[in-house]
file input_8.cif (mmCIF, C-alpha atoms and all ligand atoms)
data_input
#
loop_
_atom_site.label_atom_id
_atom_site.label_comp_id
_atom_site.auth_asym_id
_atom_site.auth_seq_id
_atom_site.Cartn_x
_atom_site.Cartn_y
_atom_site.Cartn_z
CA MET A 1 -90.94 6.42 -118.23
CA VAL A 2 -89.95 5.36 -114.75
CA ALA A 3 -87.61 7.73 -113.04
CA THR A 4 -84.75 5.91 -111.38
CA GLY A 5 -82.01 7.27 -109.13
CA LEU A 6 -82.29 11.01 -108.65
CA ALA A 7 -85.87 11.63 -109.63
CA TRP A 8 -85.52 15.33 -108.92
CA ARG A 9 -82.54 15.72 -111.17
CA GLY A 10 -84.41 17.68 -113.83
CA GLU A 11 -85.50 20.33 -111.33
CA VAL A 12 -81.96 21.34 -110.55
CA CYS A 13 -79.52 23.42 -112.55
CA ALA A 14 -76.89 21.18 -114.15
CA GLN A 15 -74.07 23.28 -112.70
CA VAL A 16 -75.05 22.19 -109.20
CA PHE A 17 -74.04 18.63 -110.08
CA GLU A 18 -70.81 19.78 -111.70
CA GLU A 19 -69.81 21.69 -108.60
CA ALA A 20 -70.76 18.80 -106.32
CA ALA A 21 -68.61 16.48 -108.45
CA GLN A 22 -65.74 18.95 -108.13
CA ASP A 23 -66.10 18.99 -104.37
CA LEU A 24 -66.10 15.20 -104.31
CA GLY A 25 -62.94 15.18 -106.39
CA ARG A 26 -61.30 17.57 -103.98
CA GLY A 27 -62.40 15.45 -101.01
CA LEU A 28 -61.01 12.27 -102.58
CA ALA A 29 -57.74 13.98 -103.45
CA ALA A 30 -57.38 15.20 -99.87
CA PHE A 31 -58.13 11.70 -98.60
CA THR A 32 -55.50 9.96 -100.76
CA ASN A 33 -53.05 12.79 -100.13
CA GLY A 34 -53.46 12.40 -96.37
CA ARG A 35 -52.97 8.63 -96.58
CA ARG A 36 -49.72 9.05 -98.46
CA GLY A 37 -48.52 11.49 -95.85
CA GLY A 38 -48.71 14.44 -98.22
CA GLY A 39 -50.94 16.50 -95.94
CA ARG A 40 -53.37 16.42 -93.07
CA ARG A 41 -55.16 13.11 -92.63
CA VAL A 42 -58.83 13.44 -93.49
CA GLY A 43 -61.61 10.90 -93.63
CA PHE A 44 -63.19 9.40 -96.73
CA PRO A 45 -65.89 11.68 -98.19
CA ARG A 46 -69.29 10.86 -96.80
CA PHE A 47 -72.51 10.62 -98.75
CA ARG A 48 -74.85 13.50 -98.31
CA ARG A 49 -78.50 12.79 -98.15
CA ARG A 50 -80.70 15.57 -99.38
CA SER A 51 -83.08 15.28 -96.46
CA ARG A 52 -80.44 15.08 -93.72
CA THR A 53 -77.87 17.77 -94.41
CA ALA A 54 -78.36 21.50 -94.49
CA PRO A 55 -79.38 22.33 -98.06
CA SER A 56 -76.69 24.14 -99.99
CA PHE A 57 -75.44 24.36 -103.56
CA ARG A 58 -72.98 26.33 -105.61
CA ILE A 59 -73.23 27.87 -109.05
CA ARG A 60 -70.25 29.05 -111.01
CA GLN A 61 -70.26 32.31 -112.93
CA LYS A 62 -70.89 31.45 -116.56
CA SER A 63 -71.70 33.55 -119.54
CA ASP A 64 -75.38 33.51 -120.42
CA ARG A 65 -75.87 34.82 -123.97
CA GLY A 66 -73.00 37.23 -123.52
CA TRP A 67 -74.11 38.29 -120.04
CA PRO A 68 -72.78 36.96 -116.76
CA GLY A 69 -75.20 34.37 -115.36
CA ILE A 70 -74.95 35.73 -111.82
CA ARG A 71 -75.91 39.39 -111.71
CA VAL A 72 -76.31 41.77 -108.81
CA GLY A 73 -78.85 44.56 -108.55
CA GLU A 74 -80.86 43.76 -111.64
CA GLY A 75 -84.40 45.06 -111.47
CA HIS A 76 -84.06 45.92 -107.81
CA ALA A 77 -81.00 47.28 -106.02
CA ARG A 78 -81.17 44.62 -103.36
CA SER A 79 -81.32 41.58 -105.54
CA VAL A 80 -79.17 38.81 -106.98
CA ARG A 81 -80.00 37.05 -110.19
CA LEU A 82 -79.01 33.41 -110.48
CA PRO A 83 -79.24 31.29 -113.62
CA ARG A 84 -82.33 29.08 -113.78
CA ILE A 85 -83.74 30.51 -110.56
CA GLY A 86 -84.11 34.15 -111.56
CA VAL A 87 -84.04 37.33 -109.54
CA LEU A 88 -83.91 36.89 -105.76
CA ARG A 89 -84.58 39.77 -103.43
CA VAL A 90 -81.91 39.98 -100.74
CA ARG A 91 -81.91 41.71 -97.42
CA GLU A 92 -78.47 43.25 -97.31
CA ASP A 93 -77.26 46.31 -99.12
CA THR A 94 -75.49 45.48 -102.38
CA ARG A 95 -74.32 48.98 -103.16
CA ARG A 96 -70.59 48.56 -102.61
CA LEU A 97 -70.59 45.26 -104.42
CA ARG A 98 -72.41 46.75 -107.41
CA ARG A 99 -69.91 49.58 -107.55
CA LEU A 100 -67.06 47.10 -107.47
CA LEU A 101 -68.55 45.14 -110.35
CA ARG A 102 -69.54 48.20 -112.37
CA THR A 103 -66.07 49.72 -112.26
CA GLY A 104 -64.49 46.42 -113.23
CA ARG A 105 -62.52 46.17 -110.02
CA GLY A 106 -64.34 43.00 -109.02
CA ARG A 107 -65.66 39.89 -110.66
CA VAL A 108 -68.12 37.34 -109.29
CA LEU A 109 -66.66 33.85 -109.46
CA SER A 110 -69.46 31.82 -107.91
CA ALA A 111 -72.57 31.95 -105.78
CA THR A 112 -73.33 29.58 -102.92
CA VAL A 113 -76.89 29.29 -101.71
CA SER A 114 -77.45 27.69 -98.34
CA LEU A 115 -80.10 27.40 -95.69
CA ARG A 116 -78.75 28.58 -92.35
CA ALA A 117 -80.91 28.67 -89.27
CA GLY A 118 -84.10 28.96 -91.27
CA ARG A 119 -82.87 31.62 -93.65
CA TRP A 120 -81.65 31.26 -97.19
CA VAL A 121 -78.29 32.87 -97.65
CA VAL A 122 -76.55 33.72 -100.92
CA GLY A 123 -72.79 33.98 -100.61
CA LEU A 124 -70.90 35.45 -103.54
CA THR A 125 -67.23 34.67 -104.08
CA VAL A 126 -65.72 37.77 -105.60
CA GLU A 127 -62.28 38.31 -107.01
CA ALA A 128 -61.44 41.91 -106.21
CA ALA A 129 -58.63 44.32 -106.92
CA ASP A 130 -56.20 45.29 -104.17
CA LEU A 131 -57.29 47.90 -101.65
CA HIS A 132 -56.64 51.50 -102.54
CA PRO A 133 -53.09 52.54 -101.54
CA ALA A 134 -54.57 55.33 -99.40
CA VAL A 135 -56.05 52.82 -96.95
CA CYS A 136 -53.02 50.52 -97.03
CA HIS A 137 -50.10 50.82 -94.63
CA ARG A 138 -47.12 52.70 -95.92
CA PRO A 139 -44.23 50.39 -96.82
CA ARG A 140 -41.40 50.50 -94.31
CA SER A 141 -37.80 51.01 -95.27
CA GLU A 142 -35.32 48.16 -95.40
CA GLY A 143 -33.71 48.51 -92.00
CA ASP A 144 -36.81 49.62 -90.10
CA ILE A 145 -37.45 47.19 -87.26
CA GLY A 146 -39.82 49.34 -85.19
CA GLY A 147 -43.56 49.67 -84.99
CA TRP A 148 -44.35 46.23 -83.66
CA VAL A 149 -47.43 45.83 -81.52
CA GLY A 150 -47.90 42.77 -79.34
CA VAL A 151 -51.45 41.46 -79.17
CA ASP A 152 -52.31 39.40 -76.11
CA ARG A 153 -55.58 37.50 -76.19
CA GLY A 154 -57.18 36.63 -72.90
CA LEU A 155 -60.40 35.85 -71.12
CA HIS A 156 -60.26 38.76 -68.73
CA ALA A 157 -59.63 41.47 -71.31
CA PHE A 158 -60.33 40.05 -74.75
CA VAL A 159 -57.43 41.80 -76.46
CA VAL A 160 -54.61 43.94 -75.11
CA ALA A 161 -52.33 45.50 -77.71
CA VAL A 162 -49.14 47.22 -76.53
CA THR A 163 -46.06 48.56 -78.31
CA ALA A 164 -42.54 47.52 -77.35
CA ASP A 165 -42.20 50.80 -75.42
CA GLY A 166 -45.14 49.92 -73.24
CA ASP A 167 -47.78 52.18 -74.82
CA GLN A 168 -51.13 50.52 -74.69
CA VAL A 169 -52.85 51.10 -78.01
CA VAL A 170 -55.91 48.86 -77.85
CA ARG A 171 -57.70 47.28 -74.93
CA GLU A 172 -60.98 45.45 -75.31
CA PRO A 173 -62.07 45.01 -71.71
CA ASP A 174 -65.33 43.16 -71.99
CA PRO A 175 -66.10 40.77 -74.80
CA PRO A 176 -69.82 40.07 -75.29
CA LYS A 177 -69.52 36.34 -74.32
CA PRO A 178 -72.59 35.44 -76.35
CA LEU A 179 -72.53 31.73 -75.54
CA PHE A 180 -72.38 32.39 -71.83
CA ARG A 181 -75.19 34.89 -72.01
CA ALA A 182 -77.40 32.64 -74.09
CA GLY A 183 -76.58 29.66 -71.86
CA GLY A 184 -79.87 29.39 -69.99
CA ARG A 185 -81.97 29.86 -73.08
CA LEU A 186 -79.95 27.31 -75.05
CA ARG A 187 -80.25 24.76 -72.26
CA ARG A 188 -83.99 25.25 -72.09
CA LEU A 189 -84.42 24.93 -75.85
CA GLN A 190 -82.20 21.86 -75.92
CA ARG A 191 -84.34 20.28 -73.25
CA THR A 192 -87.55 20.90 -75.17
CA VAL A 193 -85.97 19.26 -78.21
CA SER A 194 -85.05 16.14 -76.31
CA ARG A 195 -88.57 15.85 -74.90
CA LYS A 196 -90.22 15.81 -78.30
CA GLN A 197 -90.89 12.56 -80.08
CA ARG A 198 -88.36 11.64 -82.76
CA GLY A 199 -89.46 12.45 -86.29
CA SER A 200 -92.39 14.56 -85.14
CA GLN A 201 -93.44 17.93 -86.46
CA HIS A 202 -92.98 19.49 -83.02
CA ARG A 203 -89.46 18.17 -82.74
CA ARG A 204 -88.57 19.72 -86.07
CA ALA A 205 -89.92 23.07 -84.91
CA ALA A 206 -88.00 22.84 -81.62
CA VAL A 207 -84.79 22.00 -83.47
CA ALA A 208 -85.31 25.04 -85.67
CA ARG A 209 -85.76 27.28 -82.62
CA LEU A 210 -82.57 25.92 -81.08
CA GLY A 211 -80.75 26.47 -84.35
CA ARG A 212 -81.85 30.09 -84.47
CA ALA A 213 -80.62 30.67 -80.93
CA HIS A 214 -77.21 29.24 -81.84
CA ALA A 215 -77.13 31.38 -84.98
CA ARG A 216 -77.64 34.47 -82.89
CA VAL A 217 -74.69 33.53 -80.67
CA ARG A 218 -72.58 33.10 -83.79
CA HIS A 219 -73.63 36.45 -85.27
CA VAL A 220 -72.95 38.43 -82.09
CA ARG A 221 -69.51 36.86 -81.86
CA GLN A 222 -68.70 37.46 -85.52
CA GLN A 223 -69.69 41.09 -85.34
CA TYR A 224 -67.45 41.65 -82.35
CA LEU A 225 -64.48 39.81 -83.83
CA HIS A 226 -64.65 41.86 -87.01
CA GLN A 227 -64.80 45.08 -85.03
CA VAL A 228 -61.78 44.18 -82.91
CA ALA A 229 -59.81 42.96 -85.93
CA ASN A 230 -60.62 46.15 -87.80
CA THR A 231 -59.40 48.42 -85.01
CA LEU A 232 -56.15 46.44 -84.88
CA VAL A 233 -55.35 46.36 -88.59
CA LYS A 234 -56.49 49.89 -89.35
CA THR A 235 -54.20 51.46 -86.79
CA HIS A 236 -51.10 49.25 -86.86
CA ASP A 237 -49.13 47.67 -89.65
CA ARG A 238 -47.02 45.27 -87.61
CA LEU A 239 -48.70 42.86 -85.23
CA VAL A 240 -47.41 39.95 -83.20
CA LEU A 241 -49.82 37.30 -81.98
CA GLU A 242 -49.16 34.25 -79.91
CA ASP A 243 -49.42 30.92 -81.61
CA LEU A 244 -51.84 29.51 -79.05
CA HIS A 245 -52.29 25.78 -78.68
CA ILE A 246 -56.05 26.17 -78.46
CA ARG A 247 -56.93 22.52 -78.70
CA GLY A 248 -54.69 21.88 -75.71
CA LEU A 249 -56.21 24.72 -73.74
CA LEU A 250 -59.67 23.33 -74.40
CA ARG A 251 -58.76 20.25 -72.38
CA ASN A 252 -59.26 22.38 -69.30
CA ARG A 253 -62.87 21.53 -68.49
CA ARG A 254 -63.46 24.62 -66.43
CA LEU A 255 -62.26 26.99 -69.11
CA ALA A 256 -63.21 25.17 -72.31
CA ALA A 257 -66.57 26.89 -72.72
CA ALA A 258 -65.15 30.35 -72.03
CA ILE A 259 -62.25 29.80 -74.44
CA SER A 260 -64.58 28.57 -77.20
CA ASP A 261 -66.83 31.53 -76.60
CA ALA A 262 -63.90 33.91 -77.02
CA ALA A 263 -63.05 32.44 -80.46
CA TRP A 264 -59.35 33.30 -80.34
CA ALA A 265 -58.48 31.27 -83.40
CA GLN A 266 -61.10 33.06 -85.44
CA LEU A 267 -59.71 36.42 -84.41
CA ASP A 268 -56.28 35.25 -85.54
CA ARG A 269 -57.61 34.21 -88.93
CA ILE A 270 -59.55 37.44 -89.45
CA VAL A 271 -56.64 39.66 -88.38
CA CYS A 272 -54.33 37.77 -90.76
CA TYR A 273 -56.35 38.27 -93.90
CA LYS A 274 -57.44 41.82 -93.11
CA GLN A 275 -53.85 42.84 -92.42
CA GLN A 276 -52.77 41.24 -95.66
CA TRP A 277 -55.29 43.34 -97.57
CA ARG A 278 -53.69 46.44 -96.11
CA GLY A 279 -50.14 45.38 -96.80
CA GLY A 280 -49.25 45.02 -93.12
CA GLN A 281 -47.53 42.21 -91.31
CA VAL A 282 -48.65 39.63 -88.78
CA GLU A 283 -46.10 37.42 -87.06
CA HIS A 284 -46.71 34.58 -84.66
CA ALA A 285 -44.51 34.15 -81.64
CA TRP A 286 -43.78 30.49 -81.32
CA ARG A 287 -45.92 28.34 -79.13
CA TRP A 288 -43.61 28.02 -76.12
CA PHE A 289 -42.58 31.62 -75.91
CA PRO A 290 -43.21 32.47 -72.23
CA SER A 291 -44.85 35.84 -72.89
CA THR A 292 -46.74 35.88 -69.58
CA ARG A 293 -43.86 34.80 -67.35
CA THR A 294 -41.14 37.01 -68.79
CA CYS A 295 -40.43 40.42 -67.29
CA SER A 296 -40.74 43.02 -70.02
CA ARG A 297 -38.16 45.23 -68.31
CA CYS A 298 -35.29 42.91 -67.38
CA ALA A 299 -36.23 39.74 -69.36
CA THR A 300 -36.13 37.49 -66.31
CA VAL A 301 -38.36 34.46 -66.79
CA GLY A 302 -40.32 33.92 -63.62
CA PRO A 303 -42.43 30.97 -62.46
CA LYS A 304 -45.78 30.14 -64.02
CA LEU A 305 -48.52 32.56 -63.01
CA PRO A 306 -51.83 31.15 -61.83
CA LEU A 307 -54.75 32.47 -63.89
CA SER A 308 -56.22 34.26 -60.89
CA GLN A 309 -53.14 36.46 -60.53
CA ARG A 310 -53.85 39.54 -62.61
CA MET A 311 -50.64 41.42 -61.74
CA PHE A 312 -47.20 40.48 -62.94
CA VAL A 313 -44.46 41.04 -60.36
CA CYS A 314 -40.84 40.46 -61.33
CA ASP A 315 -38.58 38.64 -58.86
CA GLY A 316 -35.50 40.14 -60.48
CA CYS A 317 -36.21 43.88 -60.60
CA GLY A 318 -39.52 44.25 -58.82
CA TYR A 319 -41.32 45.48 -61.93
CA ARG A 320 -45.08 45.44 -61.51
CA ALA A 321 -47.58 45.55 -64.36
CA ASP A 322 -50.90 44.22 -65.49
CA ARG A 323 -50.41 40.61 -66.53
CA ASP A 324 -51.81 41.01 -70.06
CA HIS A 325 -50.02 44.31 -70.56
CA ASN A 326 -46.66 42.76 -69.69
CA ALA A 327 -47.32 39.80 -72.01
CA ALA A 328 -48.21 42.11 -74.89
CA ILE A 329 -44.97 44.09 -74.47
CA ASN A 330 -43.00 40.85 -74.61
CA LEU A 331 -44.73 39.93 -77.84
CA ALA A 332 -43.93 43.32 -79.36
CA VAL A 333 -40.27 42.93 -78.35
CA TRP A 334 -40.31 39.46 -79.83
CA GLY A 335 -41.50 40.99 -83.09
CA GLU A 336 -38.55 43.38 -83.20
CA GLN A 337 -36.01 40.68 -82.43
CA HIS A 338 -37.57 38.19 -84.76
CA HIS A 339 -37.69 40.74 -87.52
CA THR A 340 -33.98 41.56 -87.40
CA GLN A 341 -33.37 37.85 -87.55
CA ILE A 342 -35.47 37.16 -90.63
CA ARG A 343 -34.14 40.20 -92.45
CA ASP A 344 -30.59 38.89 -92.18
CA PRO A 345 -29.69 37.99 -95.79
CA GLU A 346 -26.99 35.58 -94.62
CA VAL A 347 -29.63 33.47 -92.97
CA ARG A 348 -32.54 33.44 -95.35
CA GLY A 349 -32.16 35.71 -98.33
CA PRO A 350 -34.54 38.54 -99.14
CA VAL A 351 -38.16 38.23 -98.16
CA ILE A 352 -40.45 39.16 -101.00
CA ASN A 353 -44.16 39.63 -100.85
CA ALA A 354 -45.33 37.51 -103.73
CA PHE A 355 -48.89 38.80 -103.43
CA ARG A 356 -47.96 42.20 -104.79
CA GLY A 357 -45.67 40.82 -107.46
CA ALA A 358 -42.20 39.47 -106.88
CA GLY A 359 -39.71 42.15 -106.00
CA SER A 360 -42.21 44.98 -106.41
CA ASP A 361 -41.85 46.09 -102.83
CA PRO A 362 -39.11 45.82 -100.23
CA HIS A 363 -41.80 45.52 -97.54
CA PRO A 364 -41.92 41.88 -96.44
CA GLY A 365 -45.22 40.02 -96.53
CA VAL A 366 -47.20 38.27 -93.89
CA GLY A 367 -45.16 35.29 -92.78
CA GLU A 368 -43.63 34.87 -96.19
CA THR A 369 -41.26 31.99 -95.81
CA ASP A 370 -40.35 28.98 -97.82
CA PRO A 371 -41.68 25.75 -96.27
CA GLY A 372 -38.07 24.50 -96.16
CA ASP A 373 -37.02 27.50 -94.09
CA GLY A 374 -39.08 26.62 -91.03
CA GLY A 375 -36.81 25.49 -88.23
CA THR A 376 -37.97 23.13 -85.55
CA PRO A 377 -38.76 24.84 -82.25
CA PRO A 378 -36.40 24.04 -79.39
CA PRO A 379 -37.83 21.37 -77.10
CA HIS A 380 -37.67 23.55 -73.99
CA PRO A 381 -38.75 27.15 -73.36
CA GLN A 382 -36.05 29.62 -74.20
CA ARG A 383 -35.94 33.29 -73.37
CA CYS A 384 -36.29 34.79 -76.77
CA GLY A 385 -37.72 32.63 -79.44
CA VAL A 386 -35.97 34.01 -82.48
CA ARG A 387 -34.57 30.70 -83.55
CA ASP A 388 -37.77 29.40 -85.00
CA VAL A 389 -38.97 30.92 -88.24
CA ARG A 390 -42.53 29.85 -88.64
CA GLU A 391 -44.08 29.06 -91.93
CA GLY A 392 -46.65 31.75 -92.63
CA ARG A 393 -50.09 30.80 -91.54
CA CYS A 394 -51.70 33.04 -94.11
CA GLN A 395 -49.99 31.49 -97.06
CA THR A 396 -52.98 29.60 -98.35
CA SER A 397 -55.14 32.68 -98.47
CA GLN A 398 -52.31 34.51 -100.13
CA GLN A 399 -52.25 32.01 -102.91
CA THR A 400 -55.96 32.02 -103.55
CA ARG A 401 -56.01 35.79 -103.89
CA LEU A 402 -55.19 36.51 -107.50
ZN ZN A 501 -37.75 42.33 -64.08
#
call {"tool": "encode", "arguments": {"input": "input_8.cif", "output": "structure tokens", "more": "lines below"}}
Ligand SMILES: [Zn+2]
result
Amino acid sequence: MVATGLAWRGEVCAQVFEEAAQDLGRGLAAFTNGRRGGGRRVGFPRFRRRSRTAPSFRIRQKSDRGWPGIRVGEGHARSVRLPRIGVLRVREDTRRLRRLLRTGRGRVLSATVSLRAGRWVVGLTVEAADLHPAVCHRPRSEGDIGGWVGVDRGLHAFVVAVTADGDQVVREPDPPKPLFRAGGRLRRLQRTVSRKQRGSQHRRAAVARLGRAHARVRHVRQQYLHQVANTLVKTHDRLVLEDLHIRGLLRNRRLAAAISDAAWAQLDRIVCYKQQWRGGQVEHAWRWFPSTRTCSRCATVGPKLPLSQRMFVCDGCGYRADRDHNAAINLAVWGEQHHTQIRDPEVRGPVINAFRGAGSDPHPGVGETDPGDGGTPPPHPQRCGVRDVREGRCQTSQQTRL
């Protein structure tokens, strides 16, 4: 028999093809949806060649003779068993995951195996129960508008978090800047890659070395972002972040590398979902809210501050403060004002956190608004941006969490 088409088809678990077909379906749906104006415009799905793209596949959790096909900690504590492949030894501790599965508080939905920077990685998608109430934030009463903390992200200090009263609660003065620190090494490795002959064994090895260096940058950054996000969400239940126009900021050639290295958008994303787990709130001040230029004492909006100017000095009342500190206070105040606005039943009706069951809790959820409720932001900067009620950025993750 002459094998035609995918000659290696028999070597691979059938589920891999099913999942790939699902992904293709999703890609095509997104493409047609975008063309009809139903969502973001995306390109037509591209073909993946096995030799060109980073190897990766997904296996769904299926019952295997009454047992789940994907099992954790079978035979050895640090192992994952996949159907067809068998038991794989893994490097990381699986203890908490095993406990979650054993007590029935979690369920593995799928496993994704991928090759990243020379290492095989198994990622498990797990559906888990809500966090224990003891580690969640206590629900606030109906009329409570306090407790907001403004979080200012910057390049000088990575994060400055301040309450509306001006108490600084978190300050992360020096981010690790992994890309900047690895700069020389990355440039050197990149140069060695470009000197090697295309398609050669040496070039492949050089590319792998470069990939590992980039992976290290990514890991250092991730670790730091998770630490910062954890300190924020563990200590405070109400956070206000700026809705930064990061793509616009990246147009600044001098700052683009530093801004990318800081990974502000990633911090936003991580804070959002972690806060949601704990039943807290994250609000986003609208994009043109002049948090840096506004005086936190008398609310006078001053002229634009050059980046080099670290102190904020008010023309109106002479108030002096650290630039980031002042901006963070303004964000916290914005949270209070915004909150009274959205709680007004005349305007929007009650806000219910659907994630914990409709009406189960008077505590409003993270950016829980109806898409129709979002107003359009005023075209020019305005002193307090309470007019715009943003559609919650975390809504998609809220829906996927069952
Ligand atoms: Zn002032």
call {"tool": "residues_around", "arguments": {"input": "input_8.cif", "residues": "stretch 43-48 of chain A", "least_positions_apart": "6", "cutoff": "9 Å", "atoms": "only C-alpha atoms", "output": "ChimeraX atom specification"}}
result
/A:24,27-28,30-32,34
call {"tool": "write_last_selection", "arguments": {"input": "input_8.cif", "atoms": "C-alpha atoms", "output": "PDB file, keeping the file's coordinate frame"}}
result
ATOM      1  CA  LEU A  24     -66.100  15.200-104.310  1.00  0.00           C
ATOM      2  CA  GLY A  27     -62.400  15.450-101.010  1.00  0.00           C
ATOM      3  CA  LEU A  28     -61.010  12.270-102.580  1.00  0.00           C
ATOM      4  CA  ALA A  30     -57.380  15.200 -99.870  1.00  0.00           C
ATOM      5  CA  PHE A  31     -58.130  11.700 -98.600  1.00  0.00           C
ATOM      6  CA  THR A  32     -55.500   9.960-100.760  1.00  0.00           C
ATOM      7  CA  GLY A  34     -53.460  12.400 -96.370  1.00  0.00           C
TER       8      GLY A  34
END
call {"tool": "closest_atom_pairs", "arguments": {"input": "input_8.cif", "of": "chain A", "to": "ligand ZN 501 (chain A)", "cutoff": "12 Å", "atoms": "only C-alpha atoms and all ligand atoms", "output": "JSON lines"}}
result
{"residue": "A:Arg293", "atom": "CA", "partner": "A:ZN501", "partner_atom": "ZN", "distance": 10.2}
{"residue": "A:Thr294", "atom": "CA", "partner": "A:ZN501", "partner_atom": "ZN", "distance": 7.9}
{"residue": "A:Cys295", "atom": "CA", "partner": "A:ZN501", "partner_atom": "ZN", "distance": 4.6}
{"residue": "A:Ser296", "atom": "CA", "partner": "A:ZN501", "partner_atom": "ZN", "distance": 6.7}
{"residue": "A:Arg297", "atom": "CA", "partner": "A:ZN501", "partner_atom": "ZN", "distance": 5.1}
{"residue": "A:Cys298", "atom": "CA", "partner": "A:ZN501", "partner_atom": "ZN", "distance": 4.2}
{"residue": "A:Ala299", "atom": "CA", "partner": "A:ZN501", "partner_atom": "ZN", "distance": 6.1}
{"residue": "A:Thr300", "atom": "CA", "partner": "A:ZN501", "partner_atom": "ZN", "distance": 5.6}
{"residue": "A:Val301", "atom": "CA", "partner": "A:ZN501", "partner_atom": "ZN", "distance": 8.3}
{"residue": "A:Gly302", "atom": "CA", "partner": "A:ZN501", "partner_atom": "ZN", "distance": 8.8}
{"residue": "A:Phe312", "atom": "CA", "partner": "A:ZN501", "partner_atom": "ZN", "distance": 9.7}
{"residue": "A:Val313", "atom": "CA", "partner": "A:ZN501", "partner_atom": "ZN", "distance": 7.8}
{"residue": "A:Cys314", "atom": "CA", "partner": "A:ZN501", "partner_atom": "ZN", "distance": 4.5}
{"residue": "A:Asp315", "atom": "CA", "partner": "A:ZN501", "partner_atom": "ZN", "distance": 6.4}
{"residue": "A:Gly316", "atom": "CA", "partner": "A:ZN501", "partner_atom": "ZN", "distance": 4.8}
{"residue": "A:Cys317", "atom": "CA", "partner": "A:ZN501", "partner_atom": "ZN", "distance": 4.1}
{"residue": "A:Gly318", "atom": "CA", "partner": "A:ZN501", "partner_atom": "ZN", "distance": 5.9}
{"residue": "A:Tyr319", "atom": "CA", "partner": "A:ZN501", "partner_atom": "ZN", "distance": 5.2}
{"residue": "A:Arg320", "atom": "CA", "partner": "A:ZN501", "partner_atom": "ZN", "distance": 8.4}
{"residue": "A:Ala321", "atom": "CA", "partner": "A:ZN501", "partner_atom": "ZN", "distance": 10.3}
{"residue": "A:Asn326", "atom": "CA", "partner": "A:ZN501", "partner_atom": "ZN", "distance": 10.5}
{"residue": "A:Asn330", "atom": "CA", "partner": "A:ZN501", "partner_atom": "ZN", "distance": 11.9}
call {"tool": "residues_around", "arguments": {"input": "input_8.cif", "residues": "stretch 146-163 of chain A", "least_positions_apart": "3", "cutoff": "8 Å", "atoms": "all atoms listed in the file", "output": "PyMOL selection string"}}
result
chain A and resi 166-175+236-242+258-259+262+264+324-325+327-333+335-336
call {"tool": "write_last_selection", "arguments": {"input": "input_8.cif", "atoms": "C-alpha atoms", "output": "PDB file, keeping the file's coordinate frame"}}
result
ATOM      1  CA  GLY A 166     -45.140  49.920 -73.240  1.00  0.00           C
ATOM      2  CA  ASP A 167     -47.780  52.180 -74.820  1.00  0.00           C
ATOM      3  CA  GLN A 168     -51.130  50.520 -74.690  1.00  0.00           C
ATOM      4  CA  VAL A 169     -52.850  51.100 -78.010  1.00  0.00           C
ATOM      5  CA  VAL A 170     -55.910  48.860 -77.850  1.00  0.00           C
ATOM      6  CA  ARG A 171     -57.700  47.280 -74.930  1.00  0.00           C
ATOM      7  CA  GLU A 172     -60.980  45.450 -75.310  1.00  0.00           C
ATOM      8  CA  PRO A 173     -62.070  45.010 -71.710  1.00  0.00           C
ATOM      9  CA  ASP A 174     -65.330  43.160 -71.990  1.00  0.00           C
ATOM     10  CA  PRO A 175     -66.100  40.770 -74.800  1.00  0.00           C
ATOM     11  CA  HIS A 236     -51.100  49.250 -86.860  1.00  0.00           C
ATOM     12  CA  ASP A 237     -49.130  47.670 -89.650  1.00  0.00           C
ATOM     13  CA  ARG A 238     -47.020  45.270 -87.610  1.00  0.00           C
ATOM     14  CA  LEU A 239     -48.700  42.860 -85.230  1.00  0.00           C
ATOM     15  CA  VAL A 240     -47.410  39.950 -83.200  1.00  0.00           C
ATOM     16  CA  LEU A 241     -49.820  37.300 -81.980  1.00  0.00           C
ATOM     17  CA  GLU A 242     -49.160  34.250 -79.910  1.00  0.00           C
ATOM     18  CA  ALA A 258     -65.150  30.350 -72.030  1.00  0.00           C
ATOM     19  CA  ILE A 259     -62.250  29.800 -74.440  1.00  0.00           C
ATOM     20  CA  ALA A 262     -63.900  33.910 -77.020  1.00  0.00           C
ATOM     21  CA  TRP A 264     -59.350  33.300 -80.340  1.00  0.00           C
ATOM     22  CA  ASP A 324     -51.810  41.010 -70.060  1.00  0.00           C
ATOM     23  CA  HIS A 325     -50.020  44.310 -70.560  1.00  0.00           C
ATOM     24  CA  ALA A 327     -47.320  39.800 -72.010  1.00  0.00           C
ATOM     25  CA  ALA A 328     -48.210  42.110 -74.890  1.00  0.00           C
ATOM     26  CA  ILE A 329     -44.970  44.090 -74.470  1.00  0.00           C
ATOM     27  CA  ASN A 330     -43.000  40.850 -74.610  1.00  0.00           C
ATOM     28  CA  LEU A 331     -44.730  39.930 -77.840  1.00  0.00           C
ATOM     29  CA  ALA A 332     -43.930  43.320 -79.360  1.00  0.00           C
ATOM     30  CA  VAL A 333     -40.270  42.930 -78.350  1.00  0.00           C
ATOM     31  CA  GLY A 335     -41.500  40.990 -83.090  1.00  0.00           C
ATOM     32  CA  GLU A 336     -38.550  43.380 -83.200  1.00  0.00           C
TER      33      GLU A 336
END
call {"tool": "closest_residue", "arguments": {"input": "input_8.cif", "among": "A:His284, A:Arg278, A:Arg89, A:Arg50", "to": "A:His338", "atoms": "only C-alpha atoms"}}
result
A:His284
call {"tool": "atom_distance", "arguments": {"input": "input_8.cif", "atom1": "atom CA of A:Ala285", "atom2": "atom CA of A:His339"}}
result
11.2 Å
call {"tool": "residues_around", "arguments": {"input": "input_8.cif", "residues": "stretch 53-62 of chain A", "least_positions_apart": "4", "cutoff": "10 Å", "atoms": "all atoms listed in the file", "output": "ChimeraX atom specification"}}
result
/A:13-20,47-49,66-71,82-83,107-118,120-125
